[in-house]
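S.K.: Contents of input-v6.cif (mmCIF, C-alpha atoms) are given next:
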data_final
#
loop_
_atom_site.label_atom_id
_atom_site.label_comp_id
_atom_site.auth_asym_id
_atom_site.auth_seq_id
_atom_site.Cartn_x
_atom_site.Cartn_y
_atom_site.Cartn_z
CA MET A 1 16.48 9.17 16.81
CA LYS A 2 16.97 7.57 20.20
CA LYS A 3 14.24 5.03 19.37
CA LEU A 4 15.93 4.21 16.07
CA LEU A 5 19.27 3.61 17.84
CA LEU A 6 17.62 1.35 20.43
CA PHE A 7 15.86 -0.54 17.64
CA THR A 8 19.16 -0.95 15.78
CA ALA A 9 20.91 -2.23 18.90
CA SER A 10 18.17 -4.77 19.56
CA LEU A 11 18.41 -6.01 15.97
CA LEU A 12 22.16 -6.45 16.28
CA LEU A 13 21.67 -8.55 19.40
CA LEU A 14 19.26 -10.79 17.52
CA GLY A 15 21.74 -11.54 14.72
CA GLY A 16 23.04 -15.07 14.24
CA THR A 17 22.18 -17.16 11.19
CA THR A 18 22.39 -15.92 7.62
CA SER A 19 18.61 -15.71 7.26
CA SER A 20 18.22 -13.76 10.51
CA ALA A 21 21.04 -11.46 9.41
CA GLN A 22 19.11 -10.78 6.19
CA ASP A 23 15.93 -10.24 8.20
CA TRP A 24 17.42 -7.65 10.52
CA LYS A 25 19.14 -5.86 7.63
CA GLU A 26 15.80 -5.59 5.85
CA ALA A 27 14.08 -4.50 9.07
CA LEU A 28 16.79 -1.88 9.63
CA LYS A 29 16.39 -0.60 6.08
CA LYS A 30 12.62 -0.25 6.59
CA ALA A 31 13.09 1.49 9.96
CA ALA A 32 15.63 3.88 8.44
CA THR A 33 13.29 4.61 5.53
CA ALA A 34 10.38 5.34 7.88
CA ALA A 35 12.57 7.56 10.10
CA ALA A 36 13.97 9.46 7.11
CA ASP A 37 10.49 9.89 5.66
CA LYS A 38 9.21 11.29 8.94
CA ALA A 39 12.22 13.61 9.26
CA THR A 40 11.62 14.97 5.74
CA ASP A 41 7.86 15.43 6.32
CA GLY A 42 7.00 12.79 3.71
CA LYS A 43 9.30 14.13 0.99
CA LEU A 44 11.37 10.91 0.87
CA THR A 45 8.30 8.94 -0.20
CA GLN A 46 7.43 11.62 -2.76
CA TYR A 47 10.85 11.29 -4.43
CA ALA A 48 10.98 7.49 -4.13
CA LEU A 49 7.49 7.05 -5.61
CA ALA A 50 8.65 7.57 -9.20
CA GLY A 51 9.36 4.43 -11.19
CA THR A 52 7.75 1.06 -11.85
CA TRP A 53 6.46 -1.08 -8.97
CA ASN A 54 5.50 -4.76 -9.28
CA TYR A 55 2.38 -6.06 -7.57
CA THR A 56 3.09 -8.53 -4.75
CA GLY A 57 -0.23 -8.82 -2.88
CA PRO A 58 -2.96 -6.95 -1.02
CA GLY A 59 -2.00 -4.04 1.21
CA VAL A 60 -3.58 -3.04 4.53
CA LYS A 61 -2.76 0.07 6.55
CA PHE A 62 -4.14 1.10 9.94
CA GLU A 63 -4.06 4.86 10.38
CA GLY A 64 -3.69 6.22 13.91
CA GLY A 65 -2.34 3.06 15.51
CA ASP A 66 -5.49 2.08 17.48
CA ILE A 67 -5.93 -1.24 15.71
CA ALA A 68 -2.22 -1.88 15.29
CA SER A 69 -1.75 -1.64 19.05
CA GLU A 70 -4.47 -4.19 19.72
CA VAL A 71 -3.46 -7.79 20.35
CA GLY A 72 -5.69 -8.94 17.49
CA GLY A 73 -4.42 -6.33 15.02
CA ALA A 74 -2.01 -8.69 13.24
CA ALA A 75 -4.64 -11.44 13.08
CA LEU A 76 -7.16 -8.99 11.62
CA GLU A 77 -4.67 -7.87 8.98
CA THR A 78 -3.90 -11.49 8.01
CA ALA A 79 -7.61 -12.34 7.73
CA VAL A 80 -8.32 -9.26 5.59
CA VAL A 81 -5.36 -9.98 3.28
CA LYS A 82 -6.62 -13.54 2.68
CA GLN A 83 -10.08 -12.28 1.77
CA LEU A 84 -8.66 -9.58 -0.52
CA GLU A 85 -6.48 -12.15 -2.31
CA LYS A 86 -9.63 -14.09 -3.24
CA ALA A 87 -11.46 -10.96 -4.43
CA TYR A 88 -8.46 -9.71 -6.41
CA ALA A 89 -7.96 -13.13 -8.04
CA LYS A 90 -11.52 -12.94 -9.41
CA ALA A 91 -10.52 -9.69 -11.13
CA GLY A 92 -7.30 -11.29 -12.46
CA ILE A 93 -5.04 -9.39 -10.05
CA ARG A 94 -2.30 -11.77 -8.91
CA PRO A 95 1.36 -11.39 -7.90
CA GLY A 96 3.44 -11.00 -11.04
CA ALA A 97 0.40 -9.84 -13.05
CA GLY A 98 0.38 -6.18 -12.16
CA THR A 99 2.52 -3.05 -12.18
CA PHE A 100 2.12 0.58 -11.21
CA THR A 101 4.33 3.24 -12.76
CA PHE A 102 4.56 6.78 -11.41
CA GLY A 103 6.17 9.34 -13.72
CA LYS A 104 9.45 10.90 -12.63
CA ASP A 105 9.38 14.15 -14.59
CA ASP A 106 5.62 14.51 -14.81
CA ASP A 107 2.58 13.60 -12.77
CA ALA A 108 1.37 10.77 -15.03
CA PHE A 109 0.75 7.19 -13.92
CA THR A 110 0.06 3.89 -15.66
CA ALA A 111 -1.29 0.82 -13.90
CA THR A 112 -1.66 -2.71 -15.19
CA LEU A 113 -3.93 -4.78 -12.96
CA GLY A 114 -4.86 -8.15 -14.38
CA SER A 115 -6.02 -7.63 -17.97
CA HIS A 116 -6.75 -3.94 -17.45
CA THR A 117 -4.44 -1.03 -18.15
CA LEU A 118 -5.35 2.24 -16.48
CA SER A 119 -3.71 5.63 -16.79
CA GLY A 120 -4.08 9.21 -15.73
CA THR A 121 -2.39 11.77 -13.52
CA TYR A 122 -1.70 11.88 -9.81
CA GLU A 123 -1.17 14.38 -7.02
CA TYR A 124 0.85 13.57 -3.91
CA ASP A 125 0.70 15.54 -0.67
CA ALA A 126 3.91 14.69 1.20
CA PRO A 127 2.95 15.56 4.82
CA THR A 128 -0.27 13.52 4.74
CA HIS A 129 0.87 10.80 2.29
CA VAL A 130 -2.39 11.36 0.39
CA VAL A 131 -2.10 10.37 -3.26
CA THR A 132 -5.05 11.23 -5.50
CA LEU A 133 -5.33 9.28 -8.73
CA HIS A 134 -7.18 11.07 -11.54
CA PHE A 135 -8.09 8.28 -13.96
CA ALA A 136 -8.26 9.09 -17.67
CA LYS A 137 -11.65 8.49 -19.24
CA GLY A 138 -11.91 5.18 -21.03
CA ARG A 139 -13.81 1.92 -20.75
CA LEU A 140 -13.75 2.33 -16.96
CA ASN A 141 -14.68 5.80 -15.75
CA LEU A 142 -13.35 5.82 -12.19
CA GLY A 143 -12.90 9.58 -11.83
CA SER A 144 -10.62 10.72 -9.02
CA VAL A 145 -9.75 8.29 -6.23
CA PRO A 146 -7.91 9.52 -3.10
CA GLY A 147 -5.69 7.11 -1.20
CA HIS A 148 -2.41 6.91 0.70
CA ALA A 149 1.08 5.87 -0.42
CA TYR A 150 3.78 4.60 1.94
CA ILE A 151 7.27 3.38 1.07
CA SER A 152 9.29 1.15 3.37
CA GLY A 153 12.63 0.03 1.99
CA GLN A 154 11.86 -1.32 -1.50
CA GLU A 155 8.15 -1.82 -0.76
CA LEU A 156 5.24 0.44 -1.64
CA VAL A 157 1.79 0.16 -0.07
CA LEU A 158 -0.92 1.98 -2.02
CA VAL A 159 -4.16 1.95 -0.04
CA PHE A 160 -7.65 3.47 -0.27
CA PRO A 161 -10.78 3.74 1.87
CA VAL A 162 -12.60 0.39 1.72
CA THR A 163 -15.62 1.73 -0.20
CA ARG A 164 -13.49 3.30 -2.94
CA LEU A 165 -11.38 0.16 -3.33
CA VAL A 166 -14.52 -1.94 -3.74
CA GLU A 167 -15.64 0.44 -6.52
CA VAL A 168 -12.29 0.15 -8.34
CA VAL A 169 -11.90 -3.63 -8.14
CA THR A 170 -15.58 -4.22 -8.94
CA ALA A 171 -15.10 -2.10 -12.07
CA LEU A 172 -12.11 -4.30 -12.94
CA GLY A 173 -14.31 -7.40 -12.89
CA SER A 174 -14.62 -8.71 -9.34
CA LYS A 175 -18.02 -9.12 -7.72
CA VAL A 176 -18.92 -7.13 -4.60
CA SER A 177 -19.81 -10.39 -2.83
CA TYR A 178 -16.14 -11.37 -2.78
CA PHE A 179 -15.45 -8.37 -0.55
CA SER A 180 -18.20 -9.14 1.95
CA THR A 181 -16.04 -10.96 4.50
CA ALA A 182 -13.26 -8.38 4.35
CA THR A 183 -15.62 -5.42 4.64
CA THR A 184 -17.49 -7.07 7.52
CA LEU A 185 -14.19 -7.54 9.36
CA LEU A 186 -13.31 -3.87 8.85
CA SER A 187 -16.72 -2.28 9.34
CA LYS A 188 -16.29 -1.58 13.07
CA TYR A 189 -12.94 0.15 12.59
CA LYS A 190 -12.26 3.69 11.46
CA ASN A 191 -9.20 4.77 9.50
CA VAL A 192 -8.52 1.39 7.89
CA TYR A 193 -7.24 1.51 4.34
CA VAL A 194 -6.83 -1.42 1.96
CA GLY A 195 -5.29 -1.75 -1.45
CA PHE A 196 -2.15 -3.10 -3.01
CA ALA A 197 1.46 -3.86 -2.06
CA PHE A 198 4.28 -3.51 -4.58
CA SER A 199 8.05 -3.95 -4.69
CA LYS A 200 10.82 -2.72 -6.97
#
What is this file in structure tokens?
M.R.:
Amino acid sequence: MKKLLLFTASLLLLGGTTSSAQDWKEALKKAATAAADKATDGKLTQYALAGTWNYTGPGVKFEGGDIASEVGGAALETAVVKQLEKAYAKAGIRPGAGTFTFGKDDDAFTATLGSHTLSGTYEYDAPTHVVTLHFAKGRLNLGSVPGHAYISGQELVLVFPVTRLVEVVTALGSKVSYFSTATTLLSKYKNVYVGFAFSK
């Protein structure tokens, strides 16, 4: 809580123009969401997950903080996102052309990614943020895919181990070769998850 208060105070000191005021308000909202989620042992994300989310771009999450604390962590994330954008585009996954809906009163989900519509059920483990998607059998038989879900403000990041994501997006129509640069960048790191970012 003390860290959150110090963070809030520093944001207030940075205020000035209208755009910076919007920036710090959004940053404060995200910080408050993360703090509340931690305080509720992940339950906040579990409750906020329900509803329809609109695809905005690739998502990258570093578990454990080792990479995030490195000076090159932000540069690595930017490079990976650029490579994923190219791979996703080949599968028809672009901002504005995808949604993910998690059921509120049941554990069903529906995803529209490019020209593909996928459905099934999901399980969410609040303390670990692990979300397991059980895809319904259809043209694409993806089985069960474990990943992680994180909500910050009005943003959702849904990420998976690199190898599983490659399987999913390759099944949707992208070629494995489009992932080569991104996977090479990530190969020396453990606990890196990539996937999709959404907003409400």
S.K.: If the PyMOL selection byres ((chain A and resi 108-116) around 8) were run on this exact file, what residues would it hold? Put them as a ChimeraX atom specification.
M.R.: /A:91-94,97-103,106-107,117-122,172
S.K.: Enumerate, as a ChimeraX atom specification, the residues matched when the PyMOL selection byres ((chain A and resi 48) around 10) is run on the file above.
M.R.: /A:43-47,49-51,102,104,150-154,156
S.K.: Using all atoms listed in the file, which residue out of A:Ala126, A:Val60, A:Ala136, A:Ala89 lies closest to Phe160 of chain A?
M.R.: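 Checking each candidate against Phe160 of chain A, we get A:Val60 as the closest.
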S.K.: Residues within 6 Å of (11.0, 0.5, -6.1), file coordinates, counting all atoms listed in the file: what are they? Give the list as a list in words.
M.R.: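 Within 6 Å of (11.0, 0.5, -6.1), the protein and nucleic acid residues are Trp53, Gln154, Ser199 and Lys200 of chain A.
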S.K.: Rounded to one decimal in Å, what is the spacing between atom CA of Gly96 of chain A and atom CA of Asn54 of chain A?
M.R.: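 Computing the Euclidean distance for atom CA of Gly96 of chain A and atom CA of Asn54 of chain A yields 6.8 Å.
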S.K.: Atom CA of Arg164 of chain A and atom CA of Asp41 of chain A are how many Å apart?
M.R.: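 According to the coordinates, atom CA of Arg164 of chain A and atom CA of Asp41 of chain A are separated by 26.2 Å.
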S.K.: Can you work out the spacing between atom CA of Tyr124 of chain A and atom CA of Gly57 of chain A in Å, to one decimal?
M.R.: 22.4 Å
S.K.: Give as number ranges by chain every residue, naming chains and numbers as the document does, that has an atom within 9 Å of (-7.0, -9.0, 4.5), counting all atoms listed in the file.
M.R.: A: 58-60, 76-85, 182, 185, 194
S.K.: Which residues are near Gly147 of chain A? Cut-off 8 Å, only C-alpha atoms, ignore same chain within fewer than 4 positions. Put them as a tab-separated table (two decimals) with C-alpha atoms, in the coordinates of the input.
M.R.:
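Produced file out.tsv, reproduced below:
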chain	number	residue	atom	x	y	z
A	130	VAL	CA	-2.39	11.36	0.39
A	131	VAL	CA	-2.10	10.37	-3.26
A	132	THR	CA	-5.05	11.23	-5.50
A	133	LEU	CA	-5.33	9.28	-8.73
A	158	LEU	CA	-0.92	1.98	-2.02
A	159	VAL	CA	-4.16	1.95	-0.04
A	160	PHE	CA	-7.65	3.47	-0.27
A	161	PRO	CA	-10.78	3.74	1.87
S.K.: Taking the file as shown, find all residues satisfying the PyMOL selection byres ((chain A and resi 141) around 12) and write them as a JSON list (two decimals) with C-alpha atoms, keeping the file's coordinate frame.
M.R.:
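Wrote out-v1.json, looks like this:
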[["chain", "number", "residue", "atom", "x", "y", "z"],
["A", 118, "LEU", "CA", -5.35, 2.24, -16.48],
["A", 119, "SER", "CA", -3.71, 5.63, -16.79],
["A", 120, "GLY", "CA", -4.08, 9.21, -15.73],
["A", 134, "HIS", "CA", -7.18, 11.07, -11.54],
["A", 135, "PHE", "CA", -8.09, 8.28, -13.96],
["A", 136, "ALA", "CA", -8.26, 9.09, -17.67],
["A", 137, "LYS", "CA", -11.65, 8.49, -19.24],
["A", 138, "GLY", "CA", -11.91, 5.18, -21.03],
["A", 139, "ARG", "CA", -13.81, 1.92, -20.75],
["A", 140, "LEU", "CA", -13.75, 2.33, -16.96],
["A", 142, "LEU", "CA", -13.35, 5.82, -12.19],
["A", 143, "GLY", "CA", -12.90, 9.58, -11.83],
["A", 144, "SER", "CA", -10.62, 10.72, -9.02],
["A", 145, "VAL", "CA", -9.75, 8.29, -6.23],
["A", 167, "GLU", "CA", -15.64, 0.44, -6.52],
["A", 168, "VAL", "CA", -12.29, 0.15, -8.34],
["A", 171, "ALA", "CA", -15.10, -2.10, -12.07],
["A", 172, "LEU", "CA", -12.11, -4.30, -12.94]]
S.K.: Give the answer as one residue: which of A:His148, A:Lys38, A:Lys86, A:Lys61 has the shortest atom-to-atom distance to His129 of chain A, using all atoms listed in the file?
M.R.: A:His148
S.K.: Given the choices A:Pro95, A:Ala149, A:Phe198, A:Val162, which gets closest to Thr128 of chain A if the distance is worked out from only C-alpha atoms?
M.R.: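 Nearest to Thr128 of chain A: A:Ala149.
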S.K.: Here is a test: counting all atoms listed in the file, which residue of A:Thr170, A:Thr52, A:Leu165, A:Lys90 is nearest to Tyr193 of chain A?
M.R.: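 Of A:Thr170, A:Thr52, A:Leu165, A:Lys90, the one nearest Tyr193 of chain A, counting all atoms listed in the file, is A:Leu165.
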